[in-house]
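This is input-v8.txt. It holds compact mmCIF, C-alpha atoms.
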# COMPACT_ATOMS: atom_id res chain seq x y z
CA MET A 535 0.00 0.00 0.00
CA ALA A 536 1.26 3.47 -0.83
CA ILE A 537 2.03 5.06 2.51
CA TYR A 538 1.87 8.79 1.88
CA PRO A 539 -1.67 9.17 0.47
CA LYS A 540 -3.15 7.13 3.31
CA VAL A 541 -1.14 8.96 5.98
CA ALA A 542 -2.23 12.32 4.54
CA GLU A 543 -5.84 11.15 4.46
CA ILE A 544 -5.65 9.97 8.08
CA ILE A 545 -4.10 13.26 9.22
CA ALA A 546 -6.78 15.25 7.38
CA ASP A 547 -9.54 13.11 8.91
CA ALA A 548 -8.10 13.40 12.40
CA LEU A 549 -7.68 17.16 12.16
CA GLY A 550 -10.92 17.80 10.32
CA CYS A 551 -9.15 19.69 7.54
CA ASP A 552 -9.07 19.32 3.76
CA GLU A 553 -6.57 16.81 2.45
CA VAL A 554 -5.10 19.48 0.19
CA GLU A 555 -3.98 21.37 3.30
CA VAL A 556 -1.87 18.39 4.34
CA GLN A 557 1.45 18.67 2.55
CA PRO A 558 4.49 16.42 3.01
CA ASP A 559 6.37 19.17 4.87
CA SER A 560 3.42 20.51 6.87
CA SER A 561 4.25 20.84 10.54
CA LEU A 562 1.29 19.23 12.23
CA ILE A 563 1.39 21.62 15.17
CA ASN A 564 2.47 24.88 13.56
CA ASP A 565 0.74 24.54 10.19
CA LEU A 566 -2.25 22.33 10.95
CA ASP A 567 -2.97 23.32 14.57
CA ALA A 568 -2.67 19.78 15.89
CA GLU A 569 -2.66 19.27 19.66
CA SER A 570 -1.51 16.34 21.79
CA ILE A 571 -4.92 14.62 21.55
CA ASP A 572 -4.61 14.84 17.75
CA PHE A 573 -1.21 13.12 17.86
CA LEU A 574 -2.76 10.34 19.89
CA ASP A 575 -5.64 10.15 17.43
CA ILE A 576 -3.35 10.07 14.39
CA VAL A 577 -1.04 7.43 15.84
CA PHE A 578 -4.05 5.29 16.84
CA ARG A 579 -5.47 5.53 13.32
CA LEU A 580 -2.09 4.76 11.76
CA GLU A 581 -1.64 1.74 14.02
CA ARG A 582 -5.04 0.38 13.01
CA GLU A 583 -4.63 1.13 9.32
CA PHE A 584 -1.11 -0.22 8.89
CA LYS A 585 -1.24 -2.90 11.62
CA VAL A 586 1.85 -1.54 13.36
CA LYS A 587 2.62 -0.37 16.88
CA ILE A 588 4.09 3.10 17.28
CA PRO A 589 5.11 3.49 20.92
CA ARG A 590 4.98 6.95 22.48
CA GLY A 591 8.38 8.63 22.45
CA LYS A 592 9.78 6.10 20.00
CA ALA A 593 10.74 8.76 17.45
CA ILE A 594 12.72 10.78 19.97
CA GLU A 595 14.33 7.65 21.39
CA GLU A 596 15.43 6.63 17.91
CA ALA A 597 16.62 10.14 17.10
CA ARG A 598 18.77 10.10 20.23
CA GLY A 599 20.54 7.00 18.94
CA GLU A 600 23.61 6.12 21.00
CA LEU A 601 23.51 9.38 22.97
CA SER A 602 22.54 9.05 26.62
CA GLU A 603 19.57 11.11 27.82
CA GLU A 604 22.01 13.54 29.48
CA GLU A 605 24.01 13.88 26.28
CA PHE A 606 20.83 14.53 24.32
CA GLU A 607 19.05 16.92 26.64
CA GLN A 608 20.06 19.06 29.60
CA GLY A 609 17.64 21.09 31.66
CA GLY A 610 14.91 20.61 29.11
CA ILE A 611 17.07 21.96 26.27
CA VAL A 612 18.38 19.72 23.50
CA THR A 613 22.20 19.79 23.46
CA ASP A 614 24.21 20.67 20.35
CA ALA A 615 24.96 16.97 19.88
CA GLY A 616 21.26 16.26 20.27
CA VAL A 617 20.33 18.86 17.68
CA GLU A 618 22.76 17.26 15.23
CA LYS A 619 21.16 13.89 15.84
CA LEU A 620 17.72 15.38 15.31
CA ARG A 621 18.77 17.03 12.06
CA GLY A 622 19.92 13.67 10.81
CA TYR A 623 16.93 11.70 12.02
CA LEU A 624 14.36 14.27 10.97
CA SER A 625 15.96 14.79 7.57
CA GLU A 626 12.55 15.56 6.08
CA VAL A 627 12.19 18.65 8.28
CA PRO A 628 13.54 21.80 6.59
CA ALA A 629 16.79 22.70 8.37
CA ASP A 630 15.70 26.25 9.13
CA ARG A 631 12.90 24.95 11.33
CA ILE A 632 15.31 23.28 13.75
CA LYS A 633 16.41 26.37 15.64
CA THR A 634 18.51 26.51 18.78
CA PRO A 635 18.05 26.64 21.65
CA LEU A 636 15.50 23.88 21.13
CA LYS A 637 13.31 22.79 24.03
CA ALA A 638 12.94 19.02 24.17
CA ALA A 639 9.22 19.42 24.80
CA GLU A 640 8.93 21.24 21.50
CA ILE A 641 10.43 18.49 19.34
CA PRO A 642 6.94 17.29 18.29
CA LYS A 643 6.40 20.73 16.76
CA LEU A 644 8.93 19.69 14.13
CA PHE A 645 7.00 16.60 13.07
CA THR A 646 5.63 16.73 9.56
CA THR A 647 3.36 14.51 7.53
CA GLU A 648 6.47 12.83 6.16
CA THR A 649 7.70 12.20 9.71
CA PHE A 650 4.61 10.09 10.31
CA CYS A 651 5.17 8.26 7.02
CA LYS A 652 8.68 7.40 8.17
CA MET A 653 7.36 6.20 11.53
CA VAL A 654 5.01 3.80 9.76
CA ILE A 655 7.70 2.55 7.40
CA ARG A 656 10.19 2.00 10.23
CA GLU A 657 7.63 0.01 12.24
CA GLN A 658 6.66 -2.00 9.17
CA GLN A 659 10.29 -2.83 8.53
CA ALA A 660 10.88 -3.65 12.21
CA GLY A 661 7.93 -6.03 12.15
CA ALA A 662 8.82 -7.66 8.85
CA MET B 308 -22.73 10.10 52.18
CA THR B 309 -19.85 10.44 49.74
CA ASP B 310 -20.61 10.85 46.05
CA HIS B 311 -17.68 8.64 45.09
CA PHE B 312 -18.87 5.60 43.10
CA ARG B 313 -22.45 6.91 43.38
CA ALA B 314 -23.03 10.18 41.56
CA PHE B 315 -21.42 9.31 38.22
CA SER B 316 -20.63 5.59 38.20
CA PHE B 317 -22.45 3.45 35.67
CA VAL B 318 -21.15 -0.08 36.04
CA ASP B 319 -22.79 -2.20 38.76
CA ARG B 320 -21.10 -5.43 37.95
CA ILE B 321 -18.34 -6.86 35.80
CA HIS B 322 -19.33 -10.28 34.53
CA GLY B 323 -16.11 -11.14 32.77
CA ASP B 324 -12.82 -9.40 32.13
CA GLU B 325 -10.24 -10.81 29.79
CA THR B 326 -8.15 -7.93 31.04
CA GLY B 327 -7.14 -5.45 28.39
CA LYS B 328 -9.00 -7.33 25.66
CA HIS B 329 -12.68 -7.96 26.33
CA ILE B 330 -14.95 -7.05 29.20
CA THR B 331 -18.65 -7.50 29.90
CA GLY B 332 -20.77 -5.99 32.63
CA SER B 333 -24.11 -4.51 33.52
CA TYR B 334 -25.74 -1.45 34.97
CA HIS B 335 -29.26 -1.09 36.29
CA ILE B 336 -30.70 2.36 35.65
CA PRO B 337 -32.47 3.39 38.86
CA ALA B 338 -36.23 3.35 38.34
CA GLY B 339 -36.72 6.45 40.44
CA ILE B 340 -34.85 8.95 38.27
CA THR B 341 -36.62 11.04 35.67
CA ALA B 342 -34.41 10.29 32.67
CA PHE B 343 -31.18 8.61 31.62
CA PRO B 344 -29.76 10.26 28.49
CA LEU B 345 -28.22 8.06 25.81
CA SER B 346 -24.94 9.90 26.33
CA LEU B 347 -24.82 8.31 29.78
CA VAL B 348 -25.27 4.90 28.18
CA ALA B 349 -22.14 5.75 26.17
CA GLU B 350 -20.51 6.75 29.47
CA SER B 351 -21.39 3.30 30.89
CA ILE B 352 -19.63 1.55 28.04
CA GLY B 353 -16.62 3.85 28.42
CA GLN B 354 -16.44 3.21 32.15
CA LEU B 355 -16.55 -0.53 31.56
CA ALA B 356 -13.62 -0.28 29.12
CA ALA B 357 -11.84 1.98 31.62
CA TRP B 358 -12.00 -0.68 34.35
CA SER B 359 -10.34 -3.25 32.12
CA SER B 360 -7.68 -0.81 30.92
CA MET B 361 -6.85 0.32 34.46
CA ALA B 362 -6.48 -3.27 35.59
CA VAL B 363 -3.86 -3.78 32.86
CA VAL B 364 -1.62 -1.13 34.39
CA ASP B 365 -2.50 -1.89 38.03
CA PHE B 366 -4.39 1.39 38.48
CA THR B 367 -1.37 3.62 37.97
CA VAL B 368 -3.11 5.58 35.22
CA ARG B 369 -6.72 6.04 34.22
CA PRO B 370 -8.35 7.03 30.93
CA VAL B 371 -10.29 10.23 30.44
CA ALA B 372 -12.65 11.25 27.66
CA GLY B 373 -10.87 11.81 24.37
CA ILE B 374 -12.14 10.58 21.05
CA ALA B 375 -15.14 8.66 19.79
CA GLY B 376 -14.89 7.87 16.10
CA ARG B 377 -18.56 6.99 15.86
CA VAL B 378 -21.41 6.68 18.34
CA GLU B 379 -24.61 5.10 17.07
CA PHE B 380 -27.95 5.37 18.84
CA PRO B 381 -30.08 2.49 17.52
CA GLY B 382 -32.36 2.33 20.56
CA THR B 383 -33.66 4.08 23.63
CA VAL B 384 -33.52 3.45 27.35
CA LYS B 385 -35.69 4.33 30.29
CA PRO B 386 -35.30 4.31 34.05
CA GLY B 387 -35.65 0.77 35.32
CA ASP B 388 -33.86 -0.77 32.33
CA THR B 389 -30.74 -2.88 32.80
CA LEU B 390 -27.88 -2.16 30.43
CA GLU B 391 -25.93 -5.17 29.21
CA LEU B 392 -22.49 -3.78 28.49
CA GLU B 393 -19.59 -5.05 26.41
CA ALA B 394 -16.30 -3.55 25.28
CA ILE B 395 -13.59 -4.92 23.02
CA LEU B 396 -10.25 -3.30 23.73
CA VAL B 397 -7.78 -2.92 20.88
CA LYS B 398 -5.26 -0.94 22.91
CA ALA B 399 -4.70 -0.74 26.64
CA ASP B 400 -1.42 0.58 28.00
CA ASP B 401 -0.07 3.53 29.94
CA GLU B 402 -0.69 5.83 26.98
CA ALA B 403 -4.34 5.19 26.09
CA VAL B 404 -7.25 2.82 25.91
CA GLY B 405 -8.74 2.15 22.50
CA TYR B 406 -11.99 0.25 22.23
CA ASP B 407 -15.30 -0.52 20.55
CA GLY B 408 -18.34 -1.21 22.65
CA ILE B 409 -22.05 -1.82 22.82
CA ALA B 410 -24.90 -1.47 25.28
CA ARG B 411 -28.00 -3.58 24.96
CA VAL B 412 -31.33 -3.68 26.75
CA ASN B 413 -33.10 -7.05 26.65
CA GLY B 414 -30.63 -8.11 23.98
CA GLU B 415 -31.38 -5.18 21.68
CA PRO B 416 -28.60 -2.65 20.92
CA VAL B 417 -29.23 0.84 22.24
CA VAL B 418 -25.79 2.45 21.83
CA ARG B 419 -22.75 1.35 19.83
CA LEU B 420 -19.31 2.92 20.14
CA HIS B 421 -16.65 2.60 17.46
CA ASP B 422 -13.00 3.65 17.44
CA CYS B 423 -12.94 5.25 20.86
CA LEU B 424 -9.70 6.42 22.38
CA GLY B 425 -9.16 7.67 25.91
CA PRO B 426 -5.80 9.17 26.85
CA MET B 427 -4.34 7.98 30.13
CA VAL B 428 -3.56 10.36 32.99
CA PRO B 429 -1.91 9.59 36.34
CA LEU B 430 -4.66 8.02 38.45
CA VAL B 431 -3.30 9.48 41.67
CA ASP B 432 -4.02 13.00 40.37
CA PHE B 433 -7.70 12.22 39.91
CA ASP B 434 -8.69 9.46 42.27
CA GLU B 435 -7.57 7.19 45.07
CA PRO B 436 -5.79 4.14 43.58
CA GLY B 437 -6.54 1.91 46.58
CA ALA B 438 -10.24 2.73 46.46
CA MET B 439 -10.29 2.09 42.72
CA ARG B 440 -8.65 -1.33 43.11
CA GLU B 441 -11.13 -2.21 45.83
CA ARG B 442 -14.06 -1.07 43.67
CA TYR B 443 -12.82 -3.19 40.77
CA ARG B 444 -12.65 -6.22 43.06
CA LEU B 445 -16.19 -5.52 44.25
CA LEU B 446 -17.53 -5.14 40.71
CA ARG B 447 -15.90 -8.42 39.72
CA SER B 448 -17.23 -10.33 42.72
CA THR B 449 -20.62 -9.54 44.21
CA GLY B 450 -21.13 -6.33 42.27
CA ALA B 451 -22.19 -2.97 43.67
CA THR B 452 -25.62 -2.34 45.09
CA PRO B 453 -27.69 -0.80 42.27
CA GLY B 454 -29.65 2.41 42.68
CA ALA B 455 -27.00 4.83 43.91
CA PHE B 456 -27.31 7.25 41.00
CA GLY B 457 -29.74 10.08 41.65
CA GLY B 458 -29.79 11.62 38.19
CA VAL B 459 -28.13 14.66 36.69
CA PRO B 460 -29.65 18.07 35.94
CA CYS B 461 -30.88 18.62 32.39
CA PHE B 462 -28.22 21.05 31.18
CA ALA B 463 -28.91 23.33 28.24
CA ALA B 464 -26.87 26.04 26.55
CA GLU B 465 -28.19 29.58 26.42
CA LYS B 466 -28.63 30.64 22.81
CA ALA B 467 -27.02 33.97 22.03
CA GLY B 468 -27.11 34.36 18.25
CA GLY B 469 -26.45 32.79 14.88
CA ILE B 470 -28.11 32.72 11.46
CA PRO B 471 -31.65 31.40 11.92
CA GLY B 472 -31.95 27.84 10.66
CA GLU B 473 -28.30 27.67 9.66
CA THR B 474 -26.11 28.30 12.68
CA ALA B 475 -26.59 28.81 16.37
CA GLU B 476 -24.25 30.34 18.90
CA GLY B 477 -24.60 30.11 22.63
CA SER B 478 -22.87 29.65 25.92
CA PHE B 479 -22.93 27.29 28.84
CA ALA B 480 -21.68 27.93 32.34
CA ILE B 481 -20.39 24.75 33.91
CA PRO B 482 -21.79 24.64 37.44
CA GLU B 483 -19.45 25.47 40.29
CA SER B 484 -20.61 22.43 42.18
CA ALA B 485 -22.66 19.31 41.54
CA PRO B 486 -22.77 15.84 43.07
CA PHE B 487 -21.19 14.28 39.95
CA PHE B 488 -18.00 16.26 40.53
CA GLY B 489 -17.47 14.17 43.66
CA ASP B 490 -17.26 11.08 41.48
CA HIS B 491 -15.78 12.58 38.33
CA PHE B 492 -13.24 12.94 39.82
CA PRO B 493 -12.73 13.02 43.60
CA ARG B 494 -9.29 14.66 43.46
CA ARG B 495 -9.86 16.79 40.38
CA PRO B 496 -13.43 17.64 39.40
CA VAL B 497 -13.96 17.64 35.65
CA PHE B 498 -17.20 18.22 33.73
CA PRO B 499 -17.88 14.86 32.05
CA GLY B 500 -17.44 14.71 28.28
CA THR B 501 -20.63 12.70 27.96
CA LEU B 502 -22.64 15.47 29.64
CA LEU B 503 -21.12 17.84 27.12
CA MET B 504 -22.16 15.36 24.43
CA ASN B 505 -25.73 15.56 25.69
CA LEU B 506 -25.58 19.35 25.80
CA ASN B 507 -24.32 19.41 22.21
CA LEU B 508 -27.09 17.06 21.08
CA GLY B 509 -29.71 19.33 22.61
CA PHE B 510 -28.16 22.38 20.97
CA ALA B 511 -28.11 20.62 17.59
CA ILE B 512 -31.73 19.47 17.95
CA ASP B 513 -32.85 23.04 18.75
CA LEU B 514 -31.15 24.21 15.54
CA ALA B 515 -32.82 21.42 13.54
CA VAL B 516 -36.21 22.48 14.88
CA GLU B 517 -35.42 26.07 13.95
CA ARG B 518 -34.59 24.92 10.41
CA ALA B 519 -37.47 22.50 9.88
CA GLY B 520 -40.15 24.31 11.80
CA ALA B 521 -41.65 24.37 15.25
CA GLY B 522 -43.37 21.13 16.10
CA THR B 523 -40.87 18.94 14.28
CA ARG B 524 -39.15 16.36 16.46
CA TRP B 525 -35.63 15.02 16.02
CA THR B 526 -33.62 12.19 17.45
CA PRO B 527 -29.88 11.55 17.30
CA GLN B 528 -28.92 8.80 14.87
CA GLU B 529 -25.15 9.02 15.27
CA MET B 530 -22.29 11.24 16.35
CA THR B 531 -18.94 11.04 14.60
CA ASP B 532 -15.49 12.53 15.09
CA VAL B 533 -16.24 13.40 18.69
CA LYS B 534 -13.12 14.92 20.20
CA ILE B 535 -12.66 16.38 23.68
CA ARG B 536 -9.53 18.51 23.64
CA SER B 537 -9.21 19.73 27.19
CA PHE B 538 -10.54 19.31 30.70
CA MET B 539 -13.56 21.41 31.58
CA ALA B 540 -13.43 22.58 35.16
CA PRO B 541 -16.29 23.67 37.43
CA GLY B 542 -17.31 27.28 36.82
CA GLU B 543 -15.83 27.58 33.34
CA ILE B 544 -17.78 29.21 30.54
CA LEU B 545 -18.04 27.36 27.23
CA ASP B 546 -19.04 29.00 23.96
CA LEU B 547 -20.95 26.76 21.56
CA LYS B 548 -21.46 26.99 17.84
CA ALA B 549 -23.63 24.65 15.81
CA SER B 550 -23.75 24.70 12.01
CA ILE B 551 -26.01 22.71 9.71
CA THR B 552 -23.99 21.12 6.93
CA GLU B 553 -26.76 19.09 5.26
CA HIS B 554 -30.53 18.97 5.45
CA ASP B 555 -32.78 16.80 3.34
CA GLY B 556 -36.04 17.06 5.19
CA ASP B 557 -35.81 13.89 7.21
CA ARG B 558 -32.17 14.13 8.19
CA VAL B 559 -29.97 16.95 9.38
CA ARG B 560 -26.21 16.95 9.78
CA VAL B 561 -24.78 19.41 12.28
CA ILE B 562 -21.26 20.25 13.40
CA VAL B 563 -21.01 21.44 16.99
CA GLU B 564 -17.89 23.03 18.42
CA THR B 565 -17.21 24.36 21.89
CA ARG B 566 -14.55 26.88 22.78
CA LYS B 567 -13.06 28.28 25.93
CA GLY B 568 -12.12 31.75 24.83
CA LYS B 569 -10.48 31.25 21.44
CA ARG B 570 -9.37 27.72 22.14
CA LEU B 571 -11.31 24.86 20.57
CA THR B 572 -12.19 22.49 23.40
CA SER B 573 -14.43 19.98 21.68
CA SER B 574 -16.01 19.15 18.35
CA ALA B 575 -18.47 16.62 16.99
CA ARG B 576 -20.53 15.85 13.92
CA ILE B 577 -24.14 14.93 14.63
CA LEU B 578 -26.67 13.19 12.41
CA LEU B 579 -30.27 13.75 13.45
CA SER B 580 -33.28 12.01 11.98
CA ARG B 581 -36.80 13.32 12.04
CA ILE B 582 -39.34 11.53 14.17
CA PRO B 583 -42.49 11.06 12.02
Could you take the file, read its structure, and then write that structure out as structure tokens?
Amino acid sequence: MAIYPKVAEIIADALGCDEVEVQPDSSLINDLDAESIDFLDIVFRLEREFKVKIPRGKAIEEARGELSEEEFEQGGIVTDAGVEKLRGYLSEVPADRIKTPLKAAEIPKLFTTETFCKMVIREQQAGA
Amino acid sequence: MTDHFRAFSFVDRIHGDETGKHITGSYHIPAGITAFPLSLVAESIGQLAAWSSMAVVDFTVRPVAGIAGRVEFPGTVKPGDTLELEAILVKADDEAVGYDGIARVNGEPVVRLHDCLGPMVPLVDFDEPGAMRERYRLLRSTGATPGAFGGVPCFAAEKAGGIPGETAEGSFAIPESAPFFGDHFPRRPVFPGTLLMNLNLGFAIDLAVERAGAGTRWTPQEMTDVKIRSFMAPGEILDLKASITEHDGDRVRVIVETRKGKRLTSSARILLSRIP
């Protein structure tokens, strides 16, 4: 199944917006006004549609890679090393959106439609 | 007498719990109350699913109202009826409970829930974990003594404007105090999402009557894309807006949104059908 069209459709359904508003690089929070309940909704719909499990915090855990939590984040702010890791992991996010200092709690603001596509693909590959 | 497990608790007995997967139970609607809205039947199913999901995580977290993909209302209930409840859980962990469910009376469906999702919050912030564990044990063994619920007031929004027959705007002041706050929840009172659901249904029906003419009667057929975005505390003021999106004489589709200031706090799509 083609991932992107279905993910975009699910995001549009969950947010009650037109599918045309959902672009690959749309930030769900900044561009589409998504809130935490919407993230939960979207992930739940993706899990049901694609028969995968997307654990909470998995994306950030994967982005952190071999860095320890302290190396990734200090006092709620993502470290320089952490920002580099994020830039690599969230390669679909335009670089100018990842500004420093970056609060760890604001990482989800970076997530785009394509980020969710990648989450699905990674979980599909992990389960294959 | 405390309102805990009395003023807003709608499971009397759990008949079987394949914990985190499938749960069945029942609730006897007290015969002495004046009405039991269908939204409270939905609440009963949600509470049943909540018990199973809390048992999975040993009552460290509890679900709160979040999302209902679709709520169907194929039947009606009346005081004195016994609800036969069932929920199938598709997700139950420390993040959320996801489930489908049904309530029947005498074997006939009265409310069906599809694709519901309740986010988990720390139980200790809202309730007493020990009391909740004890209640679960009681429900699974002898069951609770029916008849504790004394009813809820019939809340209605105050209409303040709109385009006649097309949109309606209004407001609703959540009461500062009410018995149900003692049960929902003892440590942090929250206006129940299902009471908001009932308020929204009433607001939508009033708009349908305005559109179709005085004397017409309407009943909810289904609600879809129900989403509660934030907690509603005692004393808060909610602004409501209802908009008709389709009307073909016998059916009306309405979108209802509530806001707290500028912030969208809930939304739902409602399908009403005309009672001949």
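Reported to one decimal place, the separation of atom CA of B:Arg536 from atom CA of B:Pro381 is 26.8 Å.
Using only C-alpha atoms for every distance, the candidate list A:Arg582, A:Ala593, A:Asp552, A:Pro558 yields A:Arg582 as the residue closest to chain B.
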Can you write out as a Markdown table which residues of chain B fall within 10 Å of chain A, alongside each residue's closest atom pair and its distance in Å to one decimal, counting all atoms listed in the file and ordering rows by chain and ascending residue number?
| residue | atom | partner | partner_atom | distance |
| --- | --- | --- | --- | --- |
| B:Gly373 | CA | A:Ile571 | CA | 7.2 |
| B:Ile374 | CA | A:Asp575 | CA | 7.5 |
| B:Ala375 | CA | A:Asp575 | CA | 9.9 |
| B:Gly376 | CA | A:Ala548 | CA | 9.5 |
| B:Val397 | CA | A:Arg582 | CA | 9.0 |
| B:Lys398 | CA | A:Phe578 | CA | 8.8 |
| B:Asp401 | CA | A:Arg590 | CA | 9.6 |
| B:Glu402 | CA | A:Arg590 | CA | 7.3 |
| B:Ala403 | CA | A:Leu574 | CA | 8.2 |
| B:Val404 | CA | A:Phe578 | CA | 9.9 |
| B:Gly405 | CA | A:Phe578 | CA | 8.0 |
| B:Asp422 | CA | A:Arg579 | CA | 8.8 |
| B:Cys423 | CA | A:Asp575 | CA | 9.4 |
| B:Leu424 | CA | A:Asp575 | CA | 7.4 |
| B:Gly425 | CA | A:Leu574 | CA | 9.2 |
| B:Pro426 | CA | A:Ile571 | CA | 7.7 |
| B:Asp532 | CA | A:Ala548 | CA | 7.9 |
| B:Lys534 | CA | A:Ile571 | CA | 8.3 |
| B:Ile535 | CA | A:Ile571 | CA | 8.2 |
| B:Arg536 | CA | A:Ile571 | CA | 6.4 |
| B:Ser537 | CA | A:Ile571 | CA | 8.7 |
| B:Ser574 | CA | A:Gly550 | CA | 9.6 |
request  = Compile the contact shell of stretch 436-452 of chain B as a PyMOL selection string: residues with an atom at most 6 Å away, counting all atoms listed in the file, same-chain residues fewer than 4 positions apart removed.
outcome  = chain B and resi 319-321+366
request  = Scan for residues within 10 Å of the point (-8.4, 6.3, 35.4) in the coordinates of the file, using only C-alpha atoms, and reply as an MDAnalysis selection string.
outcome  = chainID B and resid 354 357:358 360:362 366:371 425:436 439 492
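Going from atom CA of A:Lys633 over to atom CA of A:Val617, you cover 8.7 Å.
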query = Could you pull the residues within 8 Å of A:Val586, counting all atoms listed in the file, minus those fewer than 3 positions along the same chain, as a PyMOL selection string?
reply = chain A and resi 580-582+654+657-658+661
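Relative to atom CA of B:Pro386, atom CA of B:Leu345 is found at 11.5 Å.
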task = Might you pull out every residue within 9 Å of B:Ser346, with all atoms listed in the file counted and same-chain residues fewer than 3 positions away left off, and present them as a ChimeraX atom specification?
result = /B:343,349-351,418,501-505
May I have the residues from that selection written out with C-alpha atoms, as a CSV table (one decimal), in the frame of the given file?
chain,number,residue,atom,x,y,z
B,343,PHE,CA,-31.2,8.6,31.6
B,349,ALA,CA,-22.1,5.8,26.2
B,350,GLU,CA,-20.5,6.8,29.5
B,351,SER,CA,-21.4,3.3,30.9
B,418,VAL,CA,-25.8,2.4,21.8
B,501,THR,CA,-20.6,12.7,28.0
B,502,LEU,CA,-22.6,15.5,29.6
B,503,LEU,CA,-21.1,17.8,27.1
B,504,MET,CA,-22.2,15.4,24.4
B,505,ASN,CA,-25.7,15.6,25.7
